[in-house]
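Input: a single structure, listed below in structure tokens.
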Amino acid sequence: MKRRLFALTTTAAALTLALAGGAAFAQTKWDLPAAYPATNFHTENLVQFAADVDKASAGKLKITVHGNGALFKAPEIKRAVQGGQAQAGEILLVNFQNEWPLFGVDGLPFLADSYDASQKLAKAQKPFLEKKLAEQGMALLYTVPWPTQGIFAKKVINSGADLKGVKWRAYSPSTARIAELVGAQPVTVQAAELSQAMATGVIESYMSSGSTGMDTKTYESLKYFYDTQAWLPKNAVIVNKAAFDALDASTKQAVLKAATDAEVRGLAASKKTNADSLDKLKANGMNVLPPSPQLKADMKKVGDVMLKEWLEKAGPEGKALIDAYNKP
Ligand code: PCA
């Protein structure tokens, strides 16, 4: 009797273990590093994406979003996903232009300077991106544009010449190149460190969106925003291919469906933020102004030079992308 009871107990214990082991095996956990604060619309969209995946996969895939560069800093996220230290991540594509020029096509001033043009450019860029990321052991889940990029400055800026010698924050190779072309002094600072760089006087101007202007409380340090609407850089959410391939078919489907929804939702949120953030900057005392015709003309010239330089570096692939974009 004693023996039998023992046998029963061990069987029950084994069964419990098997069940617990089964459940643990069925649940996959992913880390998703991102570079922007929790209240940023991209990050909010990512959190919704993770919740959608959780629901559609019946809890089989849990994605933890780590915002604000807390897990990996902006420039490190791509490599982390490639190396599998993170299973997925959100990157600012233009940050990787030095690695491959086509990552940076949406950072060229005035090439695509409205939401419609930006969508058209995104469509032309997508097959190139997918191919490149696949070669690097990754896949593209979705992209979302930032709002249009304008100039924040401490003083009045009426022309390109007014930016001479000004300490200029760059977030990408292109925004550093703009500084060089207008004679400003570029310093690369990612969004997570921007407030501090302004407060300590390391920078006194930069180009970005009203969204980042609000995220970083730029109105506390700089008083002017010139709404140049120069380009709309995109964030891309990418996944490690091996991590994705390890999912079962229905969970893969859940991820892809949630990504399609996130792309649509993110675009709408970007458009809404574009309008709202300029109002909020004004409410916080910022002078939100249209650029003078001279400033606009000077920045357009910068854009022309940069497109030419970009085409030289990007070669036939780059030309094919621009041709696809220009096709009516
Ligand atoms: N905000 C990000 C990139 C583009 C944008 O609007 C930044 O300033 O870092």
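Please note that chains go A, B, ... in the order of the structure tokens, that every chain numbers its residues from 1, and that ligands are numbered from 1 in the order shown.
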
Please run DSSP on the backbone and report, as a ChimeraX atom specification, all residues within range 74-128 of chain A that come out as helix (DSSP H, G or I). /A:74-83,93-96,101-107,115-128

Print the selection's residues with C-alpha atoms to a file, as a compact mmCIF listing (two decimals), in the first residue's frame.
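Output (part_12.txt):
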# COMPACT_ATOMS: atom_id res chain seq x y z
CA ALA A 74 19.32 53.74 -30.62
CA PRO A 75 22.41 52.98 -32.73
CA GLU A 76 22.85 49.53 -31.11
CA ILE A 77 19.36 48.14 -31.60
CA LYS A 78 19.85 46.87 -35.14
CA ARG A 79 22.95 44.88 -34.26
CA ALA A 80 21.25 43.49 -31.14
CA VAL A 81 18.39 42.12 -33.25
CA GLN A 82 20.78 40.79 -35.86
CA GLY A 83 22.83 39.01 -33.19
CA LEU A 93 16.32 53.67 -40.56
CA VAL A 94 18.32 56.82 -41.37
CA ASN A 95 20.68 56.03 -38.49
CA PHE A 96 22.14 53.26 -40.65
CA PRO A 101 22.85 54.35 -48.32
CA LEU A 102 19.37 52.99 -49.05
CA PHE A 103 18.59 52.89 -45.32
CA GLY A 104 18.77 56.68 -45.45
CA VAL A 105 16.68 57.59 -48.49
CA ASP A 106 13.88 58.96 -46.31
CA GLY A 107 16.30 61.39 -44.64
CA TYR A 115 2.74 62.17 -45.92
CA ASP A 116 1.62 61.18 -49.43
CA ALA A 117 5.12 61.48 -50.87
CA SER A 118 6.58 59.69 -47.84
CA GLN A 119 4.18 56.77 -48.33
CA LYS A 120 5.16 56.56 -51.98
CA LEU A 121 8.84 56.56 -51.05
CA ALA A 122 8.24 53.92 -48.37
CA LYS A 123 6.61 51.70 -50.98
CA ALA A 124 9.55 52.13 -53.36
CA GLN A 125 12.05 51.47 -50.56
CA LYS A 126 10.30 48.42 -49.06
CA PRO A 127 11.50 45.65 -51.44
CA PHE A 128 15.11 46.88 -51.09

Identify, on the basis of only C-alpha atoms, every residue whose closest approach to Phe41 in chain A does not exceed 8 Å; exclude the query and any residue fewer than 5 positions from it along the same chain; express the result as a ChimeraX atom specification. /A:266,269-270,273

Dump N, CA and C atoms for the selected residues as a PDB file, in the first residue's frame?
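And here's selection_10.pdb as it stands now:
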ATOM      1  N   GLY A 266      -0.108  53.355 -36.795  1.00  0.00           N
ATOM      2  CA  GLY A 266       1.036  54.243 -36.587  1.00  0.00           C
ATOM      3  C   GLY A 266       1.009  55.439 -37.525  1.00  0.00           C
ATOM      4  N   ALA A 269      -1.526  57.838 -36.244  1.00  0.00           N
ATOM      5  CA  ALA A 269      -1.028  58.495 -35.023  1.00  0.00           C
ATOM      6  C   ALA A 269       0.026  59.545 -35.373  1.00  0.00           C
ATOM      7  N   SER A 270       0.847  59.246 -36.368  1.00  0.00           N
ATOM      8  CA  SER A 270       1.878  60.192 -36.787  1.00  0.00           C
ATOM      9  C   SER A 270       1.234  61.475 -37.321  1.00  0.00           C
ATOM     10  N   THR A 273      -0.235  63.406 -34.459  1.00  0.00           N
ATOM     11  CA  THR A 273       0.824  64.015 -33.655  1.00  0.00           C
ATOM     12  C   THR A 273       1.440  65.200 -34.380  1.00  0.00           C
TER      13      THR A 273
END

Show me which residues line ligand 1, defined as having an atom within 10 Å of a ligand atom where only C-alpha atoms and all ligand atoms count, and present them as a PyMOL selection string. chain A and resi 35-36+40+74+91-95+107+145-150+169-172+175+188-194+206-213+215-216+231-235+270+274

Give me the residues within 10 Å of Leu61 in chain A as a PDB file with C-alpha atoms, in the first residue's frame, counting only C-alpha atoms and dropping any in the same chain fewer than 2 places off.
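Heads up, here's the output in part_31.pdb:
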ATOM      1  CA  ALA A  26       4.642  26.873 -25.346  1.00  0.00           C
ATOM      2  CA  GLN A  27       5.174  30.411 -24.117  1.00  0.00           C
ATOM      3  CA  THR A  28       7.851  32.402 -25.912  1.00  0.00           C
ATOM      4  CA  LYS A  29       9.204  35.688 -24.583  1.00  0.00           C
ATOM      5  CA  TRP A  30      10.686  38.378 -26.772  1.00  0.00           C
ATOM      6  CA  ALA A  50       2.672  43.648 -28.276  1.00  0.00           C
ATOM      7  CA  ALA A  51      -0.803  43.504 -26.695  1.00  0.00           C
ATOM      8  CA  VAL A  53       0.208  39.713 -30.465  1.00  0.00           C
ATOM      9  CA  ASP A  54      -0.425  38.501 -26.923  1.00  0.00           C
ATOM     10  CA  LYS A  55      -4.162  38.357 -27.540  1.00  0.00           C
ATOM     11  CA  ALA A  56      -4.049  36.835 -31.031  1.00  0.00           C
ATOM     12  CA  SER A  57      -1.525  34.196 -29.967  1.00  0.00           C
ATOM     13  CA  ALA A  58      -3.561  33.363 -26.846  1.00  0.00           C
ATOM     14  CA  GLY A  59      -0.607  34.332 -24.665  1.00  0.00           C
ATOM     15  CA  ILE A  63       6.716  40.760 -26.219  1.00  0.00           C
ATOM     16  CA  THR A  64       8.234  43.197 -23.726  1.00  0.00           C
ATOM     17  CA  LEU A 247       7.314  30.341 -33.796  1.00  0.00           C
ATOM     18  CA  THR A 251       1.779  32.654 -33.798  1.00  0.00           C
ATOM     19  CA  LYS A 252       3.637  33.799 -36.935  1.00  0.00           C
ATOM     20  CA  ALA A 254      -0.577  36.675 -35.203  1.00  0.00           C
ATOM     21  CA  VAL A 255       2.670  38.673 -35.452  1.00  0.00           C
TER      22      VAL A 255
END

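Closest approach to Asp31 in chain A from the set A:Asn98, A:Gln87, A:Asn68, A:Asn287 is made by A:Gln87, with distances taken over only C-alpha atoms.
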
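Between CA of Ser174 in chain A and CA of Leu141 in chain A lies a distance of 24.5 Å.
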
A:Ala320, A:Lys167, A:Leu295, A:Gly201 ranked by distance to Pro186 in chain A, top pick (using only C-alpha atoms): A:Lys167

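Distance annotation: of A:Val305, A:Ala179, A:Ala314, A:Ile322, the residue with the minimal separation from Glu99 in chain A is A:Ala314; atom set is only C-alpha atoms.
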
Fewer than 6 positions away in the same chain doesn't count, so skip those; otherwise give me all residues within 8 Å of Gly303 in chain A, counting only C-alpha atoms, as a PyMOL selection string. chain A and resi 108-111

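From CA of Asp113 in chain A back to CA of Met286 in chain A, the distance works out to 22.7 Å.
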
Residues within 8 Å of Val182 in chain A, please, as a PDB file with N, CA, C and O atoms, in the first residue's frame. Count only C-alpha atoms; anything in the same chain fewer than 4 positions from it doesn't count.
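Saved result, around-v7.pdb, follows:
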ATOM      1  N   GLY A 160      19.916  80.202 -44.521  1.00  0.00           N
ATOM      2  CA  GLY A 160      20.928  79.190 -44.210  1.00  0.00           C
ATOM      3  C   GLY A 160      22.138  79.823 -43.536  1.00  0.00           C
ATOM      4  O   GLY A 160      22.736  79.236 -42.622  1.00  0.00           O
ATOM      5  N   ALA A 161      22.475  81.045 -43.956  1.00  0.00           N
ATOM      6  CA  ALA A 161      23.653  81.742 -43.416  1.00  0.00           C
ATOM      7  C   ALA A 161      23.512  81.991 -41.909  1.00  0.00           C
ATOM      8  O   ALA A 161      24.517  82.025 -41.184  1.00  0.00           O
ATOM      9  N   LEU A 163      22.638  80.031 -39.807  1.00  0.00           N
ATOM     10  CA  LEU A 163      23.001  78.821 -39.051  1.00  0.00           C
ATOM     11  C   LEU A 163      24.511  78.637 -38.932  1.00  0.00           C
ATOM     12  O   LEU A 163      24.985  77.716 -38.262  1.00  0.00           O
ATOM     13  N   LYS A 164      25.249  79.536 -39.546  1.00  0.00           N
ATOM     14  CA  LYS A 164      26.734  79.449 -39.489  1.00  0.00           C
ATOM     15  C   LYS A 164      27.220  79.469 -38.053  1.00  0.00           C
ATOM     16  O   LYS A 164      26.830  80.330 -37.276  1.00  0.00           O
ATOM     17  N   ILE A 178      23.769  68.089 -43.249  1.00  0.00           N
ATOM     18  CA  ILE A 178      23.074  69.374 -43.404  1.00  0.00           C
ATOM     19  C   ILE A 178      23.866  70.454 -42.667  1.00  0.00           C
ATOM     20  O   ILE A 178      24.114  71.535 -43.196  1.00  0.00           O
ATOM     21  N   VAL A 302      20.479  72.662 -50.188  1.00  0.00           N
ATOM     22  CA  VAL A 302      21.161  71.628 -49.389  1.00  0.00           C
ATOM     23  C   VAL A 302      20.624  70.248 -49.789  1.00  0.00           C
ATOM     24  O   VAL A 302      21.386  69.300 -50.002  1.00  0.00           O
TER      25      VAL A 302
END

Using backbone DSSP assignments, extract all strand (DSSP E or B) residues from range 32-231 of chain A; output them as a PyMOL selection string. chain A and resi 32-33+61-66+88-92+138-145+150-153+167-170+185-188+205-208+224-226

Selected residues written out with N, CA, C and O atoms, as a compact mmCIF listing (two decimals), in the first residue's frame:
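Listed below is the output, out19.txt:
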# COMPACT_ATOMS: atom_id res chain seq x y z
N LEU A 32 11.85 43.63 -26.99
CA LEU A 32 11.80 44.56 -28.13
C LEU A 32 12.34 45.92 -27.69
O LEU A 32 11.59 46.73 -27.13
N PRO A 33 13.64 46.17 -27.86
CA PRO A 33 14.19 47.47 -27.51
C PRO A 33 13.74 48.56 -28.48
O PRO A 33 13.60 48.31 -29.68
N LEU A 61 2.95 34.20 -27.25
CA LEU A 61 4.12 35.06 -27.47
C LEU A 61 3.95 36.36 -26.68
O LEU A 61 3.03 37.15 -26.90
N LYS A 62 4.86 36.54 -25.71
CA LYS A 62 4.85 37.74 -24.87
C LYS A 62 6.00 38.63 -25.32
O LYS A 62 7.17 38.22 -25.23
N ILE A 63 5.68 39.83 -25.78
CA ILE A 63 6.72 40.76 -26.22
C ILE A 63 6.83 41.89 -25.20
O ILE A 63 5.84 42.55 -24.89
N THR A 64 8.02 42.09 -24.66
CA THR A 64 8.23 43.20 -23.73
C THR A 64 8.91 44.34 -24.48
O THR A 64 10.00 44.17 -25.03
N VAL A 65 8.24 45.50 -24.50
CA VAL A 65 8.80 46.69 -25.15
C VAL A 65 9.65 47.44 -24.13
O VAL A 65 9.17 47.75 -23.03
N HIS A 66 10.91 47.70 -24.47
CA HIS A 66 11.81 48.47 -23.60
C HIS A 66 12.08 49.80 -24.28
O HIS A 66 12.89 49.88 -25.19
N ALA A 88 13.41 41.22 -31.39
CA ALA A 88 12.84 42.23 -32.28
C ALA A 88 13.29 43.59 -31.78
O ALA A 88 13.80 43.71 -30.65
N GLY A 89 13.10 44.62 -32.59
CA GLY A 89 13.49 45.95 -32.15
C GLY A 89 12.96 47.01 -33.08
O GLY A 89 12.53 46.71 -34.21
N GLU A 90 12.96 48.24 -32.58
CA GLU A 90 12.54 49.38 -33.42
C GLU A 90 13.76 50.24 -33.71
O GLU A 90 14.46 50.66 -32.79
N ILE A 91 14.01 50.49 -34.99
CA ILE A 91 15.17 51.31 -35.37
C ILE A 91 14.73 52.51 -36.20
O ILE A 91 13.68 52.49 -36.86
N LEU A 92 15.54 53.55 -36.14
CA LEU A 92 15.36 54.70 -37.03
C LEU A 92 16.23 54.40 -38.26
O LEU A 92 17.46 54.37 -38.16
N MET A 138 17.43 39.06 -40.80
CA MET A 138 16.30 39.73 -40.14
C MET A 138 15.13 39.87 -41.12
O MET A 138 15.27 39.57 -42.30
N ALA A 139 13.99 40.33 -40.60
CA ALA A 139 12.85 40.61 -41.47
C ALA A 139 12.18 41.90 -41.00
O ALA A 139 12.29 42.28 -39.83
N LEU A 140 11.53 42.56 -41.96
CA LEU A 140 10.83 43.81 -41.67
C LEU A 140 9.40 43.50 -41.24
O LEU A 140 8.71 42.76 -41.92
N LEU A 141 8.98 44.06 -40.10
CA LEU A 141 7.58 43.86 -39.69
C LEU A 141 6.71 45.03 -40.15
O LEU A 141 5.68 44.84 -40.76
N TYR A 142 7.13 46.25 -39.82
CA TYR A 142 6.37 47.42 -40.32
C TYR A 142 7.20 48.69 -40.17
O TYR A 142 8.21 48.69 -39.45
N THR A 143 6.78 49.72 -40.88
CA THR A 143 7.43 51.03 -40.74
C THR A 143 6.37 52.09 -40.45
O THR A 143 5.22 51.95 -40.87
N VAL A 144 6.78 53.11 -39.73
CA VAL A 144 5.89 54.26 -39.43
C VAL A 144 6.71 55.54 -39.54
O VAL A 144 7.80 55.65 -38.95
N PRO A 145 6.22 56.53 -40.31
CA PRO A 145 6.98 57.78 -40.42
C PRO A 145 6.86 58.66 -39.19
O PRO A 145 5.82 58.68 -38.53
N GLY A 150 11.32 69.96 -39.01
CA GLY A 150 11.54 71.40 -39.06
C GLY A 150 12.78 71.77 -38.25
O GLY A 150 13.45 70.89 -37.69
N ILE A 151 13.05 73.06 -38.18
CA ILE A 151 14.27 73.53 -37.50
C ILE A 151 13.93 74.17 -36.15
O ILE A 151 13.17 75.15 -36.10
N PHE A 152 14.47 73.62 -35.09
CA PHE A 152 14.40 74.26 -33.77
C PHE A 152 15.65 75.11 -33.60
O PHE A 152 16.75 74.67 -33.93
N ALA A 153 15.48 76.32 -33.06
CA ALA A 153 16.66 77.17 -32.87
C ALA A 153 16.46 78.10 -31.68
O ALA A 153 15.34 78.43 -31.29
N LYS A 167 25.68 75.63 -32.84
CA LYS A 167 25.86 74.26 -32.35
C LYS A 167 24.59 73.46 -32.67
O LYS A 167 23.51 73.79 -32.18
N TRP A 168 24.73 72.46 -33.47
CA TRP A 168 23.61 71.78 -34.13
C TRP A 168 23.57 70.32 -33.73
O TRP A 168 24.54 69.59 -33.91
N ARG A 169 22.46 69.87 -33.20
CA ARG A 169 22.33 68.47 -32.85
C ARG A 169 21.96 67.64 -34.11
O ARG A 169 21.03 67.98 -34.83
N ALA A 170 22.72 66.59 -34.35
CA ALA A 170 22.40 65.66 -35.44
C ALA A 170 21.95 64.34 -34.85
O ALA A 170 22.43 63.94 -33.79
N GLN A 185 27.79 73.60 -36.54
CA GLN A 185 28.70 72.63 -35.90
C GLN A 185 27.91 71.42 -35.43
O GLN A 185 27.25 71.47 -34.39
N PRO A 186 27.99 70.30 -36.16
CA PRO A 186 27.19 69.14 -35.78
C PRO A 186 27.72 68.36 -34.57
O PRO A 186 28.93 68.18 -34.44
N VAL A 187 26.81 67.97 -33.71
CA VAL A 187 27.12 67.08 -32.58
C VAL A 187 26.05 66.00 -32.62
O VAL A 187 24.86 66.32 -32.60
N THR A 188 26.44 64.73 -32.68
CA THR A 188 25.42 63.68 -32.71
C THR A 188 24.92 63.38 -31.30
O THR A 188 25.70 63.08 -30.40
N SER A 205 20.50 74.24 -31.66
CA SER A 205 19.54 74.07 -32.75
C SER A 205 19.54 72.61 -33.19
O SER A 205 20.49 71.87 -32.91
N TYR A 206 18.49 72.22 -33.86
CA TYR A 206 18.43 70.88 -34.46
C TYR A 206 17.23 70.77 -35.36
O TYR A 206 16.29 71.57 -35.27
N MET A 207 17.27 69.77 -36.23
CA MET A 207 16.08 69.48 -37.05
C MET A 207 15.45 68.19 -36.55
O MET A 207 16.13 67.20 -36.32
N SER A 208 14.13 68.23 -36.42
CA SER A 208 13.37 67.06 -36.01
C SER A 208 11.89 67.40 -36.12
O SER A 208 11.52 68.41 -36.73
N TYR A 224 12.38 78.94 -31.04
CA TYR A 224 11.84 79.03 -32.41
C TYR A 224 11.75 77.67 -33.07
O TYR A 224 12.64 76.83 -32.93
N PHE A 225 10.65 77.48 -33.78
CA PHE A 225 10.51 76.28 -34.62
C PHE A 225 10.09 76.74 -36.01
O PHE A 225 9.05 77.39 -36.18
N TYR A 226 10.91 76.42 -37.01
CA TYR A 226 10.58 76.74 -38.41
C TYR A 226 10.07 75.48 -39.08
O TYR A 226 10.79 74.48 -39.21

In terms of only C-alpha atoms, the residue from A:Asp261, A:Pro290, A:Asp298, A:Lys313 at minimal distance from Phe49 in chain A is A:Asp261

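Each of A:Met299, A:Trp100, A:Leu46, A:Lys327 was checked against Pro173 in chain A using only C-alpha atoms; the smallest atom-to-atom distance is that of A:Trp100.
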